[in-house]
$ cat run-v5.txt   # compact mmCIF, C-alpha atoms
# COMPACT_ATOMS: atom_id res chain seq x y z
CA MET P 23 -25.53 13.60 -6.40
CA ASP P 24 -26.07 17.17 -5.24
CA PHE P 25 -22.55 18.59 -5.62
CA VAL P 26 -23.70 22.18 -5.18
CA ALA P 27 -25.33 21.53 -1.80
CA LYS P 28 -21.95 20.32 -0.49
CA ARG P 29 -20.02 23.25 -1.92
CA ARG P 30 -19.05 24.64 1.50
CA ILE P 31 -17.32 21.36 2.39
CA PHE P 32 -15.41 21.24 -0.90
CA LEU P 33 -14.41 24.90 -0.82
CA THR P 34 -13.31 24.64 2.82
CA MET P 35 -11.06 21.70 1.89
CA SER P 36 -9.59 23.75 -0.95
CA ILE P 37 -8.98 26.77 1.27
CA VAL P 38 -7.21 24.58 3.84
CA LEU P 39 -5.01 22.96 1.15
CA VAL P 40 -4.14 26.33 -0.39
CA ALA P 41 -3.34 27.78 3.05
CA LEU P 42 -1.10 24.81 3.91
CA SER P 43 0.64 25.12 0.54
CA ALA P 44 1.24 28.84 1.11
CA ILE P 45 2.69 28.12 4.58
CA VAL P 46 5.05 25.44 3.25
CA LEU P 47 6.15 27.66 0.37
CA GLY P 48 6.67 30.60 2.71
CA THR P 49 8.64 28.65 5.32
CA GLU P 50 10.51 25.97 3.36
CA GLY P 51 10.34 27.23 -0.21
CA LEU P 52 10.99 25.20 -3.33
CA ASN P 53 14.10 23.12 -3.91
CA LEU P 54 15.36 25.15 -6.85
CA GLY P 55 17.64 23.49 -9.38
CA ILE P 56 20.58 25.10 -11.14
CA ASP P 57 18.27 26.44 -13.87
CA PHE P 58 17.10 28.96 -11.27
CA THR P 59 20.04 29.27 -8.87
CA SER P 60 23.06 28.74 -11.20
CA GLY P 61 25.68 26.08 -10.55
CA SER P 62 26.76 22.69 -11.88
CA THR P 63 25.34 19.17 -11.85
CA VAL P 64 27.18 15.90 -12.44
CA THR P 65 25.81 12.36 -12.72
CA TYR P 66 28.22 9.50 -11.94
CA GLN P 67 27.96 5.79 -12.69
CA PHE P 68 30.03 3.60 -10.35
CA ALA P 69 31.38 0.36 -11.79
CA ASN P 70 32.23 -1.55 -8.63
CA GLY P 71 29.13 -1.24 -6.52
CA ASP P 72 27.34 1.50 -4.61
CA PRO P 73 29.82 3.53 -2.50
CA GLY P 74 27.04 5.11 -0.43
CA THR P 75 25.79 8.68 -0.18
CA VAL P 76 28.07 9.48 2.78
CA ASP P 77 31.26 8.52 0.93
CA VAL P 78 30.26 10.48 -2.19
CA THR P 79 29.45 13.51 -0.03
CA ASP P 80 32.84 13.20 1.70
CA ALA P 81 34.53 13.06 -1.71
CA MET P 82 32.79 16.28 -2.75
CA THR P 83 33.88 17.94 0.50
CA ALA P 84 37.45 16.82 -0.11
CA SER P 85 37.32 18.35 -3.59
CA GLY P 86 36.39 21.73 -2.08
CA HIS P 87 32.60 21.58 -2.47
CA PRO P 88 31.07 20.89 0.97
CA GLU P 89 27.82 22.58 -0.11
CA SER P 90 27.11 19.81 -2.65
CA ILE P 91 23.81 17.95 -2.61
CA VAL P 92 24.20 14.25 -3.39
CA GLN P 93 21.24 12.13 -4.51
CA ALA P 94 21.28 8.37 -5.16
CA LEU P 95 19.47 7.46 -8.38
CA GLY P 96 19.72 3.68 -8.13
CA ASP P 97 21.75 1.33 -10.35
CA ASP P 98 24.94 2.66 -8.67
CA GLN P 99 24.29 6.14 -10.08
CA TYR P 100 24.57 9.42 -8.17
CA PHE P 101 23.34 12.89 -9.06
CA ILE P 102 25.40 15.74 -7.59
CA ARG P 103 24.42 19.41 -7.52
CA THR P 104 26.99 21.97 -6.49
CA ASP P 105 28.25 25.50 -7.10
CA ASP P 106 29.67 26.41 -10.50
CA LEU P 107 32.65 24.09 -11.02
CA GLY P 108 34.30 26.43 -13.49
CA VAL P 109 37.03 25.28 -15.87
CA SER P 110 39.00 22.90 -13.64
CA GLY P 111 36.50 22.11 -10.90
CA LEU P 112 35.24 18.92 -12.53
CA ASP P 113 38.79 17.53 -12.74
CA GLU P 114 39.21 18.05 -8.99
CA VAL P 115 35.91 16.30 -8.30
CA ASN P 116 36.83 13.43 -10.62
CA THR P 117 40.10 12.94 -8.75
CA GLU P 118 38.26 12.42 -5.46
CA ILE P 119 35.48 10.29 -6.97
CA LEU P 120 38.02 7.97 -8.61
CA LYS P 121 39.50 7.31 -5.17
CA LEU P 122 36.17 5.67 -4.35
CA ASP P 123 35.97 3.70 -7.57
CA GLN P 124 38.55 3.67 -10.37
CA GLY P 125 35.84 2.61 -12.79
CA ALA P 126 33.52 5.53 -12.03
CA ARG P 127 32.51 7.57 -15.07
CA VAL P 128 30.60 10.78 -15.75
CA LEU P 129 27.24 10.17 -17.44
CA ASP P 130 26.15 13.78 -17.67
CA THR P 131 27.29 17.22 -16.58
CA SER P 132 25.83 20.70 -17.01
CA THR P 133 26.57 24.22 -15.81
CA VAL P 134 24.27 27.26 -15.70
CA GLY P 135 25.61 30.76 -15.09
CA ALA P 136 23.97 33.35 -12.82
CA SER P 137 22.71 35.53 -15.70
CA VAL P 138 21.08 32.55 -17.43
CA ALA P 139 19.43 31.52 -14.14
CA GLU P 140 18.02 35.04 -13.69
CA ASP P 141 16.62 34.96 -17.23
CA THR P 142 15.03 31.56 -16.53
CA VAL P 143 13.24 32.90 -13.44
CA SER P 144 11.99 35.95 -15.33
CA ASN P 145 10.83 33.90 -18.33
CA ALA P 146 9.08 31.36 -16.09
CA ILE P 147 7.06 34.05 -14.31
CA THR P 148 6.21 35.73 -17.61
CA ALA P 149 5.10 32.42 -19.16
CA VAL P 150 2.68 31.67 -16.31
CA ILE P 151 1.21 35.21 -16.33
CA VAL P 152 0.78 35.21 -20.12
CA ALA P 153 -0.88 31.79 -19.99
CA ALA P 154 -3.35 33.02 -17.34
CA VAL P 155 -4.19 36.15 -19.34
CA PHE P 156 -4.81 34.19 -22.54
CA VAL P 157 -6.99 31.74 -20.62
CA MET P 158 -9.19 34.60 -19.42
CA ILE P 159 -9.44 36.12 -22.88
CA TYR P 160 -10.26 32.78 -24.50
CA ILE P 161 -12.98 31.88 -22.00
CA MET P 162 -14.60 35.32 -22.25
CA TYR P 163 -14.67 34.93 -26.03
CA ALA P 164 -15.82 31.30 -26.03
CA PHE P 165 -18.66 32.07 -23.60
CA ARG P 166 -19.62 35.41 -25.12
CA SER P 167 -23.16 34.12 -25.79
CA VAL P 168 -23.71 33.71 -22.03
CA PRO P 169 -24.58 36.79 -19.94
CA ASN P 170 -21.60 38.06 -17.91
CA SER P 171 -19.08 35.73 -19.50
CA TYR P 172 -16.35 37.32 -17.38
CA LYS P 173 -17.73 35.30 -14.44
CA TYR P 174 -16.70 32.10 -16.18
CA ALA P 175 -13.23 33.52 -16.87
CA PHE P 176 -12.86 34.57 -13.24
CA ALA P 177 -13.98 31.17 -11.93
CA ALA P 178 -11.54 29.40 -14.26
CA ILE P 179 -8.65 31.61 -13.07
CA VAL P 180 -9.56 30.92 -9.42
CA ALA P 181 -9.43 27.17 -10.15
CA LEU P 182 -6.17 27.60 -12.06
CA MET P 183 -4.50 29.50 -9.18
CA HIS P 184 -5.85 26.87 -6.77
CA ASP P 185 -4.23 24.09 -8.82
CA VAL P 186 -0.87 25.81 -9.26
CA LEU P 187 -0.57 26.73 -5.57
CA ILE P 188 -1.39 23.23 -4.37
CA VAL P 189 1.01 21.62 -6.86
CA LEU P 190 3.77 24.04 -5.77
CA GLY P 191 3.03 23.27 -2.13
CA ALA P 192 3.15 19.54 -2.79
CA PHE P 193 6.44 19.96 -4.62
CA ALA P 194 7.90 21.96 -1.73
CA VAL P 195 7.11 19.00 0.55
CA LEU P 196 8.60 16.56 -1.98
CA GLY P 197 11.71 18.73 -2.13
CA ILE P 198 12.21 18.03 1.57
CA ALA P 199 11.18 14.36 1.40
CA ILE P 200 12.86 13.13 -1.79
CA ASN P 201 14.93 16.14 -2.92
CA ALA P 202 12.61 16.85 -5.87
CA GLU P 203 14.00 19.79 -7.85
CA VAL P 204 12.32 22.70 -9.57
CA ASN P 205 14.04 23.16 -12.92
CA ALA P 206 13.20 24.35 -16.43
CA ILE P 207 11.18 21.24 -17.26
CA PHE P 208 9.16 21.86 -14.07
CA ILE P 209 7.84 25.04 -15.68
CA VAL P 210 6.80 23.00 -18.71
CA GLY P 211 4.94 20.74 -16.28
CA ILE P 212 3.20 23.70 -14.62
CA LEU P 213 2.10 25.08 -17.99
CA THR P 214 0.80 21.63 -18.90
CA VAL P 215 -1.12 21.55 -15.62
CA ILE P 216 -2.63 24.93 -16.45
CA GLY P 217 -3.72 23.65 -19.86
CA TYR P 218 -5.23 20.47 -18.42
CA SER P 219 -7.01 22.33 -15.62
CA VAL P 220 -8.55 24.83 -18.02
CA ASN P 221 -9.55 22.10 -20.46
CA ASP P 222 -11.35 20.12 -17.74
CA THR P 223 -13.02 23.28 -16.42
CA ILE P 224 -14.24 24.28 -19.88
CA VAL P 225 -15.83 20.84 -20.38
CA ILE P 226 -18.07 21.47 -17.37
CA PHE P 227 -18.61 25.16 -18.17
CA ASP P 228 -19.66 24.26 -21.70
CA ARG P 229 -22.27 21.90 -20.34
CA ILE P 230 -23.51 24.65 -18.01
CA ARG P 231 -23.78 27.01 -20.97
CA GLU P 232 -25.84 24.49 -22.95
CA ASN P 233 -28.19 23.83 -20.04
CA VAL P 234 -28.62 27.55 -19.34
CA THR P 235 -29.66 28.00 -22.98
CA LEU P 236 -32.04 25.01 -22.86
CA ALA P 237 -33.73 26.08 -19.62
CA PRO P 238 -33.10 29.79 -19.00
CA GLY P 239 -35.79 29.96 -16.32
CA ARG P 240 -34.37 27.19 -14.16
CA GLU P 241 -32.54 28.08 -10.95
CA PHE P 242 -28.85 28.47 -11.73
CA ARG P 243 -27.63 26.22 -8.89
CA THR P 244 -29.84 23.44 -10.24
CA THR P 245 -28.48 23.93 -13.74
CA VAL P 246 -24.90 23.78 -12.44
CA ASN P 247 -25.58 20.61 -10.47
CA ILE P 248 -27.21 18.92 -13.47
CA SER P 249 -24.26 19.95 -15.66
CA ILE P 250 -21.71 18.56 -13.19
CA ASN P 251 -23.55 15.23 -12.97
CA GLU P 252 -23.70 15.03 -16.76
CA SER P 253 -19.96 15.77 -17.10
CA VAL P 254 -18.41 14.08 -14.09
CA THR P 255 -18.17 10.61 -15.65
CA ARG P 256 -16.35 11.96 -18.68
CA SER P 257 -14.00 14.09 -16.56
CA LEU P 258 -13.16 11.25 -14.21
CA GLY P 259 -12.71 8.79 -17.08
CA THR P 260 -10.29 11.10 -18.88
CA SER P 261 -8.38 11.85 -15.69
CA ILE P 262 -8.05 8.22 -14.62
CA THR P 263 -6.72 7.10 -18.01
CA THR P 264 -4.30 10.03 -18.06
CA MET P 265 -3.06 9.28 -14.54
CA THR P 266 -2.65 5.61 -15.41
CA VAL P 267 -0.25 6.48 -18.23
CA ILE P 268 1.65 8.96 -16.04
CA LEU P 269 1.96 6.39 -13.25
CA ALA P 270 3.29 3.80 -15.70
CA MET P 271 5.91 6.27 -16.94
CA LEU P 272 6.74 7.27 -13.36
CA LEU P 273 7.34 3.64 -12.38
CA PHE P 274 9.28 2.59 -15.47
CA GLY P 275 10.48 5.82 -17.10
CA GLY P 276 13.63 6.37 -15.09
CA ALA P 277 14.82 9.04 -12.68
CA SER P 278 15.38 11.77 -15.29
CA LEU P 279 11.64 12.21 -15.87
CA ARG P 280 10.56 11.69 -12.24
CA ASP P 281 10.03 15.31 -11.17
CA PHE P 282 8.25 16.26 -14.40
CA LEU P 283 5.89 13.30 -14.11
CA ILE P 284 5.16 14.06 -10.46
CA VAL P 285 4.09 17.57 -11.48
CA LEU P 286 1.80 16.16 -14.16
CA LEU P 287 0.29 13.56 -11.83
CA ALA P 288 -0.41 16.11 -9.09
CA GLY P 289 -1.76 18.57 -11.65
CA VAL P 290 -4.19 16.10 -13.23
CA LEU P 291 -5.47 15.02 -9.80
CA VAL P 292 -5.90 18.56 -8.45
CA GLY P 293 -7.18 19.90 -11.79
CA THR P 294 -9.97 17.32 -11.93
CA TYR P 295 -10.98 18.16 -8.37
CA SER P 296 -10.99 21.92 -8.96
CA SER P 297 -13.05 21.72 -12.15
CA ILE P 298 -15.89 20.00 -10.30
CA PHE P 299 -15.57 21.27 -6.76
CA VAL P 300 -14.06 24.75 -7.17
CA ALA P 301 -14.66 26.39 -10.54
CA ALA P 302 -18.33 25.42 -10.87
CA GLN P 303 -18.99 26.25 -7.20
CA VAL P 304 -17.44 29.71 -7.61
CA LEU P 305 -20.01 30.37 -10.35
CA VAL P 306 -22.82 29.42 -7.97
CA LEU P 307 -21.42 31.60 -5.18
CA TRP P 308 -21.19 34.56 -7.52
CA GLU P 309 -24.68 34.03 -8.88
CA ARG P 310 -26.10 33.91 -5.35
CA ARG P 311 -23.99 36.89 -4.25
CA ALA P 312 -22.45 34.77 -1.47
CA PHE P 313 -19.20 36.69 -1.90
CA LEU P 314 -20.92 39.73 -0.42
CA PRO P 315 -21.63 39.38 3.32
CA TRP P 316 -24.42 41.95 3.29
CA ARG P 317 -26.24 39.98 0.58
CA LYS P 318 -26.13 36.57 2.27
CA THR P 319 -29.69 36.87 3.43
CA ALA P 320 -30.78 36.92 -0.19
CA ALA P 321 -29.49 33.38 -0.68
CA THR P 322 -31.36 30.31 0.41
CA ASN P 323 -29.86 27.84 2.85
CA SER P 324 -29.27 25.22 0.19

$ encode --input "run-v5.txt" --output "structure tokens"
Amino acid sequence: MDFVAKRRIFLTMSIVLVALSAIVLGTEGLNLGIDFTSGSTVTYQFANGDPGTVDVTDAMTASGHPESIVQALGDDQYFIRTDDLGVSGLDEVNTEILKLDQGARVLDTSTVGASVAEDTVSNAITAVIVAAVFVMIYIMYAFRSVPNSYKYAFAAIVALMHDVLIVLGAFAVLGIAINAEVNAIFIVGILTVIGYSVNDTIVIFDRIRENVTLAPGREFRTTVNISINESVTRSLGTSITTMTVILAMLLFGGASLRDFLIVLLAGVLVGTYSSIFVAAQVLVLWERRAFLPWRKTAATNS
């Protein structure tokens, strides 16, 4: 298959997805958990049946926390996120919850202060930036035998930013649809996505490097296309087996891991796509000077 000849289609799809993600993030934003906003969370297990989201929400309002977000987890369990409950706030909430069900019990509770939340935001941003910088340095070093190795680093970073933006956009939509939260473990998921995306990209880049060395006189777009065709089966095989495991864990792993696994699943899917249809195509565009409008005439129509 001639992947390179269809690069405009693939890149247009990517641009549209990135633009939509940016719009959703700009208008709706992410559903930030208490790790980033501060506050308290409580998980209740009801002993005498499901009281319903409306009744639990009314109980939280009666306890003085009308801003609470109530999420049903299944198995008569409810996850509640609210402002910082302080020292006695949980007792007040328990009083109202017990009116619904005397057998209700607290499974888990946690509180994060404002200063800790600010540190989490700062550390998360720093972690992503540091990861991107080290990716660039590593690729430039690993591909130092290839002329202009910085092109490979740039293409990998473009693919990485593409993946992260689309995953964030998808999670913003899921925050509206299923109340998916962005918390500390979400950042772990994003960093894992970055690692997977770069790994898959390097597999294809490494094949390009080998083929450039074997046939230095061959047209670069042809070399890239051959390299993609030689690598695509391995990339897809690895991705499918990885997604199969993630799906199994998502279906049977319980609600506590749901958001983290969704990040991984989206990241593997988008990362596989970007390695083949974004990163490698960016190399071809750069080689043919298609980034420069006044040089477009130098490129062929292929």

$ residues_around --input "run-v5.txt" --residues "segment 172-183 of chain P" --least-positions-apart "2" --cutoff "10 Å" --atoms "only C-alpha atoms" --output "ChimeraX atom specification"
/P:36,40,154-155,157-166,168-170,185-189,215-224,227,231,292-293,295-306,308-309

$ residues_around --input "run-v5.txt" --residues "Glu252 of chain P" --least-positions-apart "5" --cutoff "10 Å" --atoms "all atoms listed in the file" --output "list of chain:residue names"
P:Ile226, P:Arg229, P:Ile230, P:Val246, P:Asn247, P:Ser257

$ residues_near_point --input "run-v5.txt" --point "(-0.2, 29.7, 4.3)" --cutoff "12 Å" --atoms "all atoms listed in the file" --output "number ranges by chain"
P: 37-51, 187-188, 191

$ atom_distance --input "run-v5.txt" --atom1 "atom CA of Ala153 of chain P" --atom2 "atom CA of Leu213 of chain P"
7.6 Å

$ atom_distance --input "run-v5.txt" --atom1 "atom CA of Thr59 of chain P" --atom2 "atom CA of Asp77 of chain P"
25.5 Å

$ atom_distance --input "run-v5.txt" --atom1 "atom CA of Glu140 of chain P" --atom2 "atom CA of Phe58 of chain P"
6.6 Å

$ closest_residue --input "run-v5.txt" --among "P:Leu287, P:Val234, P:Met35, P:Val143" --to "Ile248 of chain P" --atoms "only C-alpha atoms"
P:Val234

$ residues_around --input "run-v5.txt" --residues "His87 of chain P" --least-positions-apart "5" --cutoff "8 Å" --atoms "only C-alpha atoms" --output "list of chain:residue names"
P:Met82, P:Thr104, P:Asp105

$ closest_residue --input "run-v5.txt" --among "P:Val285, P:Val134, P:Leu33, P:Ala192" --to "Gly108 of chain P" --atoms "only C-alpha atoms"
P:Val134
